[in-house]
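What follows is the content of query20.txt (compact mmCIF, C-alpha atoms).
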# COMPACT_ATOMS: atom_id res chain seq x y z
CA MET K 1 -189.31 164.26 -57.70
CA ASP K 2 -188.85 162.64 -54.29
CA ALA K 3 -185.14 162.35 -53.53
CA ARG K 4 -185.83 159.51 -51.12
CA ARG K 5 -187.58 157.16 -53.55
CA ASP K 6 -187.65 158.48 -57.12
CA ILE K 7 -183.95 159.21 -57.61
CA PRO K 8 -182.93 155.67 -56.52
CA LEU K 9 -185.47 154.27 -59.01
CA VAL K 10 -183.97 156.43 -61.78
CA ILE K 11 -180.46 155.25 -60.83
CA THR K 12 -181.57 151.59 -61.01
CA PHE K 13 -183.20 152.14 -64.40
CA LEU K 14 -180.24 153.98 -65.97
CA VAL K 15 -177.59 151.57 -64.67
CA GLY K 16 -179.65 148.51 -65.67
CA VAL K 17 -180.39 149.84 -69.17
CA ILE K 18 -176.70 150.64 -69.78
CA ALA K 19 -175.75 147.11 -68.62
CA VAL K 20 -178.23 145.58 -71.08
CA MET K 21 -177.28 148.00 -73.89
CA ASP K 22 -173.62 147.08 -73.48
CA TYR K 23 -174.47 143.54 -74.55
CA TYR K 24 -176.63 144.44 -77.55
CA THR K 25 -174.83 147.48 -78.99
CA THR K 26 -171.32 148.32 -80.15
CA PHE K 27 -171.32 152.04 -79.22
CA SER K 28 -167.97 152.86 -77.62
CA ALA K 29 -169.59 155.38 -75.25
CA VAL K 30 -171.86 152.65 -73.85
CA LYS K 31 -168.96 150.19 -73.59
CA GLU K 32 -166.78 152.71 -71.72
CA THR K 33 -169.61 153.73 -69.41
CA PHE K 34 -170.38 150.10 -68.57
CA THR K 35 -166.70 149.43 -67.81
CA VAL K 36 -166.87 152.22 -65.22
CA ILE K 37 -170.19 150.84 -63.89
CA LYS K 38 -168.67 147.34 -63.54
CA ASN K 39 -165.69 148.72 -61.59
CA TRP K 40 -167.99 150.80 -59.40
CA GLY K 41 -170.07 147.68 -58.76
CA VAL K 42 -166.99 145.81 -57.48
CA VAL K 43 -166.02 148.75 -55.23
CA LEU K 44 -169.56 149.15 -53.88
CA ASN K 45 -169.82 145.40 -53.17
CA ALA K 46 -166.61 145.72 -51.16
CA PHE K 47 -168.09 148.63 -49.17
CA ALA K 48 -171.21 146.50 -48.59
CA LEU K 49 -169.01 143.77 -47.07
CA GLY K 50 -167.94 146.35 -44.51
CA LEU K 51 -171.62 146.79 -43.70
CA GLY K 52 -171.77 143.09 -42.84
CA ALA K 53 -168.68 143.42 -40.64
CA VAL K 54 -170.27 146.35 -38.78
CA ASN K 55 -173.33 144.18 -38.14
CA LEU K 56 -171.16 141.31 -36.87
CA PHE K 57 -169.43 143.68 -34.44
CA ARG K 58 -172.79 145.09 -33.29
CA VAL K 59 -174.38 141.67 -32.65
CA HIS K 60 -171.39 139.91 -31.11
CA GLY K 61 -170.13 143.03 -29.34
CA ARG K 62 -173.51 143.23 -27.57
CA ARG K 63 -173.30 139.56 -26.56
CA ILE K 64 -169.82 140.09 -25.13
CA SER K 65 -170.76 143.24 -23.21
CA GLU K 66 -174.01 141.77 -21.79
CA ARG K 67 -172.56 138.30 -21.03
CA LYS K 68 -176.09 136.95 -20.65
CA ARG K 69 -175.59 134.00 -22.96
CA SER K 70 -173.30 131.19 -21.91
CA ASP K 71 -171.65 131.11 -25.35
CA TRP K 72 -170.39 134.71 -25.29
CA PRO K 73 -166.71 133.59 -25.33
CA PHE K 74 -167.38 132.17 -28.81
CA SER K 75 -168.48 135.64 -29.92
CA ALA K 76 -165.19 137.05 -28.62
CA TRP K 77 -163.30 134.30 -30.46
CA LEU K 78 -165.22 135.04 -33.68
CA LEU K 79 -164.33 138.73 -33.55
CA LEU K 80 -160.72 137.88 -32.68
CA MET K 81 -160.49 135.65 -35.77
CA LEU K 82 -161.97 138.44 -37.90
CA VAL K 83 -159.47 140.98 -36.56
CA ILE K 84 -156.53 138.57 -37.00
CA PHE K 85 -157.40 137.95 -40.66
CA VAL K 86 -157.79 141.67 -41.34
CA LEU K 87 -154.57 142.60 -39.50
CA VAL K 88 -152.50 139.90 -41.22
CA GLY K 89 -154.04 140.73 -44.61
CA LEU K 90 -153.53 144.47 -44.34
CA GLY K 91 -150.43 144.46 -42.12
CA THR K 92 -148.25 142.74 -44.67
CA GLY K 93 -149.47 145.08 -47.41
CA GLN K 94 -149.85 142.12 -49.77
CA PHE K 95 -153.41 141.19 -48.84
CA ASP K 96 -153.95 137.45 -49.54
CA ALA K 97 -150.61 137.01 -51.32
CA SER K 98 -148.34 137.04 -48.24
CA ASP K 99 -146.98 133.81 -46.73
CA GLN K 100 -148.43 134.68 -43.32
CA TYR K 101 -151.91 135.14 -44.77
CA GLN K 102 -151.67 131.95 -46.79
CA TRP K 103 -150.66 130.12 -43.59
CA ILE K 104 -153.71 131.17 -41.56
CA TYR K 105 -155.93 130.69 -44.63
CA ASN K 106 -154.71 127.11 -45.12
CA ALA K 107 -154.76 126.30 -41.41
CA LEU K 108 -158.20 127.74 -40.55
CA TYR K 109 -160.43 128.84 -43.39
CA LEU K 110 -159.75 126.09 -45.92
CA PRO K 111 -160.06 122.93 -43.74
CA ILE K 112 -163.16 124.09 -41.84
CA GLY K 113 -164.90 125.32 -44.98
CA ALA K 114 -164.16 122.12 -46.90
CA THR K 115 -165.17 119.89 -43.96
CA MET K 116 -168.42 121.73 -43.24
CA TYR K 117 -169.38 121.58 -46.91
CA ALA K 118 -168.46 117.89 -47.12
CA SER K 119 -170.14 117.03 -43.78
CA LEU K 120 -173.50 117.77 -45.38
CA CYS K 121 -173.22 114.28 -46.90
CA PHE K 122 -174.44 112.87 -43.55
CA TYR K 123 -177.57 115.03 -43.49
CA MET K 124 -178.22 114.48 -47.17
CA SER K 125 -177.98 110.73 -46.64
CA TYR K 126 -180.46 110.97 -43.79
CA GLY K 127 -182.69 113.16 -45.97
CA ALA K 128 -182.43 110.61 -48.77
CA TYR K 129 -183.44 107.85 -46.34
CA LYS K 130 -186.55 109.85 -45.35
CA ILE K 131 -187.52 111.10 -48.81
CA LEU K 132 -186.54 108.35 -51.22
CA ARG K 133 -189.35 105.92 -50.47
CA ALA K 134 -191.64 104.70 -53.21
CA ARG K 135 -194.93 105.73 -51.53
CA ASN K 136 -196.54 106.86 -54.78
CA LEU K 137 -195.62 107.41 -58.43
CA ASP K 138 -194.01 110.81 -57.81
CA SER K 139 -191.73 109.61 -55.01
CA PHE K 140 -190.95 106.45 -57.00
CA LEU K 141 -189.71 108.55 -59.94
CA LEU K 142 -187.54 110.62 -57.60
CA PHE K 143 -186.21 107.42 -56.02
CA VAL K 144 -185.49 105.47 -59.18
CA THR K 145 -183.13 107.97 -60.82
CA ALA K 146 -181.46 108.85 -57.51
CA ILE K 147 -180.66 105.20 -56.80
CA PHE K 148 -179.30 104.63 -60.31
CA VAL K 149 -177.09 107.73 -60.10
CA VAL K 150 -175.83 106.89 -56.59
CA LEU K 151 -175.05 103.28 -57.48
CA GLY K 152 -173.64 104.30 -60.87
CA ASN K 153 -171.22 106.68 -59.13
CA THR K 154 -169.74 104.03 -56.85
CA PRO K 155 -166.79 101.95 -58.09
CA LEU K 156 -168.36 98.64 -57.01
CA PHE K 157 -171.71 98.55 -58.79
CA PRO K 158 -170.55 99.49 -62.31
CA ALA K 159 -167.72 96.94 -61.87
CA LEU K 160 -170.18 94.19 -60.95
CA PHE K 161 -172.85 95.30 -63.38
CA PRO K 162 -171.38 97.48 -66.20
CA PRO K 163 -174.76 98.74 -67.56
CA PHE K 164 -175.15 100.78 -64.33
CA PHE K 165 -172.60 103.26 -65.62
CA HIS K 166 -174.32 103.57 -69.00
CA ILE K 167 -177.77 103.91 -67.42
CA ARG K 168 -176.42 106.75 -65.24
CA GLU K 169 -174.95 108.45 -68.31
CA TRP K 170 -178.23 108.06 -70.22
CA ILE K 171 -180.25 109.51 -67.31
CA PHE K 172 -178.08 112.63 -67.34
CA LYS K 173 -178.00 112.99 -71.10
CA ALA K 174 -181.66 112.45 -71.98
CA VAL K 175 -183.84 112.80 -68.87
CA VAL K 176 -181.94 115.45 -66.87
CA GLY K 177 -180.89 117.28 -70.06
CA GLY K 178 -184.46 117.59 -71.33
CA ALA K 179 -186.19 118.47 -68.07
CA TYR K 180 -183.51 120.95 -66.96
CA ARG K 181 -183.58 122.67 -70.32
CA GLY K 182 -187.31 123.26 -69.82
CA ILE K 183 -186.66 124.51 -66.29
CA ARG K 184 -183.88 126.83 -67.49
CA ILE K 185 -186.08 128.36 -70.19
CA GLY K 186 -188.77 128.93 -67.55
CA VAL K 187 -186.24 130.42 -65.12
CA GLY K 188 -184.84 132.61 -67.92
CA ILE K 189 -188.27 134.02 -68.75
CA GLY K 190 -188.92 134.62 -65.04
CA ALA K 191 -185.56 136.36 -64.54
CA VAL K 192 -186.12 138.68 -67.51
CA VAL K 193 -189.67 139.57 -66.41
CA LEU K 194 -188.56 140.22 -62.81
CA GLY K 195 -185.58 142.23 -64.08
CA ILE K 196 -187.76 144.43 -66.30
CA ARG K 197 -190.25 144.94 -63.44
CA THR K 198 -187.38 146.03 -61.19
CA LEU K 199 -185.91 148.39 -63.80
CA ILE K 200 -189.22 150.13 -64.45
CA GLY K 201 -189.88 150.55 -60.74
CA MET K 202 -192.62 147.98 -60.18
CA GLU K 203 -190.50 146.03 -57.69
CA THR K 204 -189.25 148.35 -54.95
CA GLY K 205 -188.55 145.93 -52.07
CA TYR K 206 -184.82 146.68 -52.22
CA LEU K 207 -185.48 150.28 -51.15
CA GLY K 208 -186.54 149.08 -47.71
CA ARG K 209 -188.94 150.87 -45.38
CA ARG K 210 -190.88 153.91 -46.58
CA MET A 1 -144.66 107.83 -43.59
CA PRO A 2 -144.33 109.45 -40.12
CA VAL A 3 -146.99 111.56 -38.44
CA SER A 4 -146.77 115.18 -39.67
CA SER A 5 -144.72 117.60 -37.57
CA ASP A 6 -146.10 120.67 -39.40
CA PRO A 7 -148.21 122.84 -37.02
CA LEU A 8 -150.37 123.93 -39.99
CA ILE A 9 -151.34 120.30 -40.65
CA TRP A 10 -152.09 119.73 -36.94
CA ILE A 11 -154.34 122.80 -36.72
CA ALA A 12 -156.10 121.88 -39.97
CA ALA A 13 -156.56 118.30 -38.70
CA PHE A 14 -157.99 119.55 -35.40
CA TYR A 15 -160.49 121.76 -37.19
CA THR A 16 -161.37 118.97 -39.65
CA ILE A 17 -162.29 116.68 -36.73
CA ALA A 18 -164.03 119.50 -34.84
CA ALA A 19 -166.16 120.47 -37.86
CA THR A 20 -167.12 116.82 -38.45
CA SER A 21 -168.08 116.24 -34.81
CA TYR A 22 -171.50 117.84 -35.44
CA ALA A 23 -172.50 114.64 -37.26
CA PHE A 24 -172.75 113.01 -33.81
CA ARG A 25 -174.32 115.90 -31.91
CA ASP A 26 -173.92 119.64 -31.30
CA ASN A 27 -170.87 120.12 -29.08
CA ILE A 28 -168.36 122.67 -27.88
CA LEU A 29 -165.71 121.60 -30.41
CA PHE A 30 -168.09 122.20 -33.30
CA LYS A 31 -169.14 125.59 -31.92
CA PHE A 32 -165.49 126.53 -31.63
CA SER A 33 -164.78 125.56 -35.26
CA GLU A 34 -168.03 127.19 -36.43
CA ASN A 35 -167.16 130.54 -34.85
CA THR A 36 -163.60 130.31 -36.08
CA TYR A 37 -164.93 129.80 -39.59
CA ILE A 38 -167.41 132.69 -39.47
CA GLY A 39 -164.73 135.05 -38.13
CA ALA A 40 -162.18 133.86 -40.68
CA ALA A 41 -164.69 134.06 -43.55
CA ALA A 42 -165.74 137.59 -42.58
CA GLY A 43 -162.10 138.66 -42.14
CA HIS A 44 -161.15 137.13 -45.48
CA ALA A 45 -164.08 138.85 -47.21
CA ILE A 46 -163.02 142.21 -45.74
CA VAL A 47 -159.40 141.74 -46.84
CA MET A 48 -160.47 140.83 -50.38
CA GLY A 49 -162.96 143.71 -50.36
CA ILE A 50 -160.27 146.22 -49.43
CA LYS A 51 -158.04 144.73 -52.12
CA ASN A 52 -160.86 145.23 -54.65
CA ILE A 53 -161.36 148.83 -53.50
CA ARG A 54 -157.66 149.43 -54.12
CA ASP A 55 -157.55 147.67 -57.52
CA TYR A 56 -160.89 148.79 -58.98
CA GLY A 57 -161.31 152.18 -57.32
CA TRP A 58 -158.24 153.76 -55.79
CA ALA A 59 -155.94 152.69 -58.67
CA HIS A 60 -158.15 154.69 -61.10
CA ILE A 61 -158.05 157.79 -58.90
CA MET A 62 -154.26 157.51 -58.81
CA LYS A 63 -154.35 157.53 -62.63
CA GLY A 64 -156.28 160.81 -62.53
CA GLU A 65 -159.78 159.44 -63.19
CA MET A 66 -161.52 161.72 -60.67
CA ILE A 67 -164.99 160.33 -61.54
CA TYR A 68 -164.07 157.38 -59.30
CA TRP A 69 -164.41 159.63 -56.23
CA VAL A 70 -168.17 159.32 -56.77
CA VAL A 71 -168.14 155.59 -55.98
CA PHE A 72 -166.29 156.27 -52.73
CA VAL A 73 -169.01 158.76 -51.77
CA LEU A 74 -171.64 156.14 -52.70
CA GLY A 75 -169.75 153.56 -50.62
CA VAL A 76 -169.83 155.80 -47.56
CA MET A 77 -173.54 156.47 -48.18
CA LEU A 78 -174.20 152.73 -47.61
CA TYR A 79 -173.40 153.26 -43.92
CA PHE A 80 -176.24 155.78 -43.52
CA ARG A 81 -178.39 152.66 -43.11
CA PHE A 82 -177.60 152.94 -39.40
CA HIS A 83 -178.64 156.63 -39.21
CA ARG A 84 -182.17 157.31 -37.92
CA GLN A 85 -182.82 160.45 -39.96
CA TYR A 86 -180.75 160.06 -43.12
CA TYR A 87 -181.09 156.28 -43.51
CA TRP A 88 -182.66 156.81 -46.97
CA LEU A 89 -179.28 157.90 -48.37
CA TYR A 90 -178.20 154.22 -48.42
CA ARG A 91 -180.82 153.68 -51.15
CA TYR A 92 -178.62 155.43 -53.75
CA PRO A 93 -175.74 152.90 -53.67
CA ILE A 94 -178.20 150.01 -53.23
CA ALA A 95 -180.12 151.24 -56.29
CA PHE A 96 -176.86 151.29 -58.22
CA LEU A 97 -176.00 147.73 -57.14
CA VAL A 98 -179.49 146.46 -57.95
CA GLY A 99 -179.49 148.15 -61.38
CA ASN A 100 -176.09 146.68 -62.19
CA GLY A 101 -177.06 143.20 -60.98
CA VAL A 102 -180.42 143.21 -62.73
CA GLY A 103 -178.93 144.49 -66.01
CA ILE A 104 -176.26 141.79 -66.03
CA SER A 105 -178.73 139.04 -65.05
CA ILE A 106 -181.20 140.08 -67.79
CA ARG A 107 -178.57 139.80 -70.52
CA ALA A 108 -177.23 136.54 -69.05
CA ALA A 109 -180.74 135.07 -68.79
CA ILE A 110 -181.65 136.03 -72.36
CA HIS A 111 -178.42 134.57 -73.71
CA SER A 112 -177.76 131.41 -71.70
CA ASP A 113 -181.18 130.46 -70.26
CA PHE A 114 -183.30 131.41 -73.23
CA ILE A 115 -181.65 131.73 -76.67
CA LYS A 116 -178.98 129.06 -76.13
CA GLN A 117 -181.43 126.52 -74.71
CA ILE A 118 -183.89 127.07 -77.57
CA ILE A 119 -181.08 126.71 -80.15
CA GLU A 120 -180.01 123.43 -78.51
CA THR A 121 -183.60 122.14 -78.59
CA ALA A 122 -184.59 123.32 -82.08
CA LYS A 123 -182.56 120.66 -83.85
CA PRO A 124 -183.61 117.70 -86.05
CA LEU A 125 -184.94 114.83 -83.98
CA THR A 126 -183.21 112.26 -86.15
CA GLY A 127 -179.73 111.37 -84.93
CA ALA A 128 -176.80 109.34 -86.27
CA THR A 129 -178.17 106.16 -84.69
CA ALA A 130 -181.62 104.95 -83.65
CA PHE A 131 -180.59 105.42 -80.01
CA ASP A 132 -179.59 109.06 -80.67
CA THR A 133 -182.99 109.64 -82.27
CA PHE A 134 -184.68 108.07 -79.24
CA ASN A 135 -182.65 110.34 -76.93
CA ASN A 136 -183.52 113.43 -78.97
CA ILE A 137 -187.22 112.57 -78.72
CA ILE A 138 -186.94 112.12 -74.92
CA ILE A 139 -185.12 115.47 -74.63
CA PHE A 140 -187.73 117.21 -76.79
CA ILE A 141 -190.59 115.75 -74.75
CA GLY A 142 -188.73 116.74 -71.55
CA VAL A 143 -188.30 120.37 -72.64
CA ILE A 144 -191.85 120.90 -73.87
CA THR A 145 -193.61 119.14 -71.00
CA ALA A 146 -191.36 120.63 -68.26
CA LEU A 147 -191.97 124.07 -69.73
CA SER A 148 -195.73 123.48 -69.82
CA HIS A 149 -195.62 122.62 -66.11
CA PHE A 150 -194.63 126.26 -65.38
CA ILE A 151 -197.49 127.84 -67.34
CA PHE A 152 -199.86 129.12 -64.68
CA THR A 153 -201.42 132.03 -66.55
CA TYR A 154 -203.61 129.73 -68.69
CA GLU A 155 -205.86 127.65 -66.45
CA GLY A 156 -206.72 125.17 -69.21
CA MET A 157 -203.09 124.08 -69.32
CA HIS A 158 -203.41 121.96 -66.18
CA LYS A 159 -206.92 120.63 -66.89
CA GLY A 160 -208.82 118.90 -69.67
CA THR A 161 -207.28 117.94 -73.00
CA LEU A 162 -203.87 119.49 -72.35
CA GLY A 163 -203.72 118.32 -68.73
CA TRP A 164 -201.40 115.39 -69.54
CA MET A 165 -198.58 117.71 -70.63
CA PRO A 166 -197.78 119.37 -67.29
CA LYS A 167 -198.30 115.97 -65.61
CA VAL A 168 -195.64 114.37 -67.81
CA GLY A 169 -193.54 117.50 -67.22
CA ARG A 170 -193.78 116.97 -63.47
CA TRP A 171 -192.66 113.35 -63.88
CA MET A 172 -189.70 114.47 -66.00
CA ILE A 173 -188.76 117.13 -63.45
CA LEU A 174 -189.00 114.58 -60.61
CA LEU A 175 -186.75 112.17 -62.52
CA ALA A 176 -184.25 114.97 -63.12
CA LEU A 177 -184.37 116.17 -59.49
CA GLY A 178 -183.83 112.60 -58.24
CA ALA A 179 -180.74 112.30 -60.44
CA SER A 180 -179.44 115.70 -59.27
CA PHE A 181 -180.05 114.77 -55.64
CA GLY A 182 -178.18 111.47 -56.06
CA ASN A 183 -175.34 113.25 -57.80
CA THR A 184 -175.09 115.90 -55.06
CA ILE A 185 -174.94 113.21 -52.34
CA MET A 186 -172.13 111.44 -54.16
CA THR A 187 -170.25 114.72 -54.74
CA ARG A 188 -170.40 115.51 -51.01
CA PHE A 189 -169.21 111.98 -50.17
CA GLY A 190 -166.33 112.49 -52.60
CA GLN A 191 -165.38 115.70 -50.81
CA TYR A 192 -165.65 114.02 -47.42
CA GLN A 193 -163.42 111.28 -48.72
CA GLY A 194 -160.88 114.05 -49.49
CA ARG A 195 -160.99 115.24 -45.87
CA ILE A 196 -160.55 111.67 -44.56
CA LEU A 197 -157.63 111.25 -46.96
CA PHE A 198 -156.13 114.47 -45.58
CA LEU A 199 -156.30 113.07 -42.04
CA LEU A 200 -154.90 109.65 -42.96
CA ARG A 201 -152.25 110.79 -45.43
CA ASP A 202 -151.15 114.36 -44.64
CA TRP A 203 -151.62 114.23 -40.86
CA LEU A 204 -151.14 110.63 -39.68
CA GLY A 205 -149.12 109.34 -42.63
CA ILE A 206 -150.99 106.04 -42.57
CA VAL A 207 -151.67 105.87 -46.32
CA ALA A 208 -149.29 106.87 -49.10

With the file now loaded, output its structure as structure tokens.
Amino acid sequence: MDARRDIPLVITFLVGVIAVMDYYTTFSAVKETFTVIKNWGVVLNAFALGLGAVNLFRVHGRRISERKRSDWPFSAWLLLMLVIFVLVGLGTGQFDASDQYQWIYNALYLPIGATMYASLCFYMSYGAYKILRARNLDSFLLFVTAIFVVLGNTPLFPALFPPFFHIREWIFKAVVGGAYRGIRIGVGIGAVVLGIRTLIGMETGYLGRR
Amino acid sequence: MPVSSDPLIWIAAFYTIAATSYAFRDNILFKFSENTYIGAAAGHAIVMGIKNIRDYGWAHIMKGEMIYWVVFVLGVMLYFRFHRQYYWLYRYPIAFLVGNGVGISIRAAIHSDFIKQIIETAKPLTGATAFDTFNNIIIFIGVITALSHFIFTYEGMHKGTLGWMPKVGRWMILLALGASFGNTIMTRFGQYQGRILFLLRDWLGIVA
């Protein structure tokens, strides 16, 4: 057995099978083992976040030390923000529960995150302008439900023309409900097949280079 | 209402405007807010990660469950990814994470994407009213035809006698995607409205 490739495949198989068995059996040994596996998964995910931080320091640290790019001060600012969050979070000993942490979270992280997410409305509107044109039957179908949903969501159009609201509701109930259910069943079958292939070692991309 | 005197509100307002400024063009203010956000997000993730290590790992060791030392060893093994010779050691914790993720996604997919959706579909077509019956028929047609659109292993599915089914399925999917797209646009506009309201109400005190 090759310790470099075979043992990881065995680990994947055993952990995956226990996770599935936990759902379909009532054996206490399986339940207890899966509780440990779940906790280990949370801890390992946290360690993996550190891997991302190391990469950030490598990439931006190089930019700062080389100073070839004109935007290197932004890299320094990025790392400073990272360090400030970690120091405030760990320094108070209360992690995200301290007043100081909540202050920087509400002043920096929350407004920028919410604004960046919301700002996508401009690009989506532009995308809608480019895409939603009735060039052929397919694009007409895409356009017709989109326009009914957009207009049905505004306060003005349902007020002027009440059926707009009901048409929007009907589109979601019957058309979206039916088609998405078909898509979900298809996605479910795909996820199970891919999962089984991964567990039995037919998909090994996650192991990286040979 | 007067303009806010809270420094937190002023900083949040500055970053709200800076993050929005990209809608006009890429600029130094946006880059500043972008890098602030990435640094803050990474820092926040690390803080929450360390908290999780304490709550889900270290707390068990403190209770005498020595088996939890293993996960700390696995966690350290992740960092061998940067080692030239022993990089392959990072495969052990990755294999664990993949096994755990795949196992959970298989059971979730079977339950919520497969069994539950079939149970919801396999119901009598007749409803309480004629309109309910009509809706049930539309839903049934939507499920069957959309599903047929994803059958690629049988070539005859997309040609000949059965060829209409995936075609209708594609139309149903396009109708559904159009509705989802419209809904997403309106959701984002709703969120942007929230940010504008923050500037006008919490920062400038113009609206009540």

Notebook entry, point to check: Residues at most 8 Å from region 26-35 of chain A, counting only C-alpha atoms, excluding those fewer than 3 positions away in the same chain, as a PyMOL selection string?
Noted result: (chain K and resi 74-75+77-78+112) or (chain A and resi 15+18-23+38-39)

Notebook entry, point to check: Any idea which chain K residues end up within 6 Å of chain A if we count all atoms listed in the file, as a VMD selection string please?
Noted result: chain K and resid 4 8 11 to 12 15 to 16 19 to 20 39 to 40 43 to 44 46 to 47 78 to 79 81 to 82 85 to 86 89 107 109 111 to 112 115 to 116 118 121 141 to 142 145 to 146 149 to 150 174 176 178 to 179 181 to 182 184 to 185 188 192 195 207

Next item on the list: Please measure the separation of CA of Lys38 (chain K) and CA of Ile61 (chain A), giving the value in Å to one decimal.
Entry: 15.6 Å

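Straight-line separation from CA of Asp138 (chain K) to CA of Lys167 (chain A): 10.3 Å.
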
Checklist line | Atom-to-atom span, CA of Gly152 (chain K) and CA of Ile167 (chain K), Å | finding: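 These two atoms are separated by 7.8 Å.
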
Residue completion, region 161-175 of chain K, N, CA, C and O atoms, as a PDB file, keeping the file's coordinate frame:
ATOM      1  N   PHE K 161    -171.779  95.256 -62.397  1.00  0.00           N
ATOM      2  CA  PHE K 161    -172.850  95.300 -63.380  1.00  0.00           C
ATOM      3  C   PHE K 161    -172.629  96.513 -64.290  1.00  0.00           C
ATOM      4  O   PHE K 161    -173.146  97.602 -64.030  1.00  0.00           O
ATOM      5  N   PRO K 162    -171.804  96.354 -65.343  1.00  0.00           N
ATOM      6  CA  PRO K 162    -171.380  97.480 -66.200  1.00  0.00           C
ATOM      7  C   PRO K 162    -172.519  98.369 -66.725  1.00  0.00           C
ATOM      8  O   PRO K 162    -172.318  99.584 -66.839  1.00  0.00           O
ATOM      9  N   PRO K 163    -173.709  97.828 -67.045  1.00  0.00           N
ATOM     10  CA  PRO K 163    -174.760  98.740 -67.560  1.00  0.00           C
ATOM     11  C   PRO K 163    -175.126  99.867 -66.599  1.00  0.00           C
ATOM     12  O   PRO K 163    -175.655 100.895 -67.026  1.00  0.00           O
ATOM     13  N   PHE K 164    -174.837  99.717 -65.302  1.00  0.00           N
ATOM     14  CA  PHE K 164    -175.150 100.780 -64.330  1.00  0.00           C
ATOM     15  C   PHE K 164    -174.546 102.117 -64.761  1.00  0.00           C
ATOM     16  O   PHE K 164    -175.193 103.158 -64.687  1.00  0.00           O
ATOM     17  N   PHE K 165    -173.292 102.045 -65.208  1.00  0.00           N
ATOM     18  CA  PHE K 165    -172.600 103.260 -65.620  1.00  0.00           C
ATOM     19  C   PHE K 165    -173.311 103.904 -66.817  1.00  0.00           C
ATOM     20  O   PHE K 165    -173.538 105.115 -66.852  1.00  0.00           O
ATOM     21  N   HIS K 166    -173.670 103.043 -67.788  1.00  0.00           N
ATOM     22  CA  HIS K 166    -174.320 103.570 -69.000  1.00  0.00           C
ATOM     23  C   HIS K 166    -175.722 104.094 -68.716  1.00  0.00           C
ATOM     24  O   HIS K 166    -176.154 105.100 -69.287  1.00  0.00           O
ATOM     25  N   ILE K 167    -176.427 103.434 -67.795  1.00  0.00           N
ATOM     26  CA  ILE K 167    -177.770 103.910 -67.420  1.00  0.00           C
ATOM     27  C   ILE K 167    -177.656 105.292 -66.780  1.00  0.00           C
ATOM     28  O   ILE K 167    -178.413 106.216 -67.094  1.00  0.00           O
ATOM     29  N   ARG K 168    -176.655 105.453 -65.906  1.00  0.00           N
ATOM     30  CA  ARG K 168    -176.420 106.750 -65.240  1.00  0.00           C
ATOM     31  C   ARG K 168    -176.133 107.840 -66.288  1.00  0.00           C
ATOM     32  O   ARG K 168    -176.684 108.934 -66.224  1.00  0.00           O
ATOM     33  N   GLU K 169    -175.288 107.483 -67.250  1.00  0.00           N
ATOM     34  CA  GLU K 169    -174.950 108.450 -68.310  1.00  0.00           C
ATOM     35  C   GLU K 169    -176.196 108.825 -69.111  1.00  0.00           C
ATOM     36  O   GLU K 169    -176.412 109.993 -69.435  1.00  0.00           O
ATOM     37  N   TRP K 170    -177.019 107.815 -69.414  1.00  0.00           N
ATOM     38  CA  TRP K 170    -178.230 108.060 -70.220  1.00  0.00           C
ATOM     39  C   TRP K 170    -179.214 108.947 -69.437  1.00  0.00           C
ATOM     40  O   TRP K 170    -179.823 109.865 -70.011  1.00  0.00           O
ATOM     41  N   ILE K 171    -179.345 108.688 -68.137  1.00  0.00           N
ATOM     42  CA  ILE K 171    -180.250 109.510 -67.310  1.00  0.00           C
ATOM     43  C   ILE K 171    -179.840 110.972 -67.405  1.00  0.00           C
ATOM     44  O   ILE K 171    -180.679 111.856 -67.608  1.00  0.00           O
ATOM     45  N   PHE K 172    -178.535 111.237 -67.293  1.00  0.00           N
ATOM     46  CA  PHE K 172    -178.080 112.630 -67.340  1.00  0.00           C
ATOM     47  C   PHE K 172    -178.231 113.251 -68.720  1.00  0.00           C
ATOM     48  O   PHE K 172    -178.588 114.417 -68.843  1.00  0.00           O
ATOM     49  N   LYS K 173    -177.963 112.449 -69.742  1.00  0.00           N
ATOM     50  CA  LYS K 173    -178.000 112.990 -71.100  1.00  0.00           C
ATOM     51  C   LYS K 173    -179.437 113.295 -71.554  1.00  0.00           C
ATOM     52  O   LYS K 173    -179.730 114.404 -72.002  1.00  0.00           O
ATOM     53  N   ALA K 174    -180.308 112.316 -71.417  1.00  0.00           N
ATOM     54  CA  ALA K 174    -181.660 112.450 -71.980  1.00  0.00           C
ATOM     55  C   ALA K 174    -182.665 113.028 -70.974  1.00  0.00           C
ATOM     56  O   ALA K 174    -183.292 114.059 -71.250  1.00  0.00           O
ATOM     57  N   VAL K 175    -182.775 112.399 -69.815  1.00  0.00           N
ATOM     58  CA  VAL K 175    -183.840 112.800 -68.870  1.00  0.00           C
ATOM     59  C   VAL K 175    -183.505 114.139 -68.208  1.00  0.00           C
ATOM     60  O   VAL K 175    -184.289 115.097 -68.280  1.00  0.00           O
TER      61      VAL K 175
END
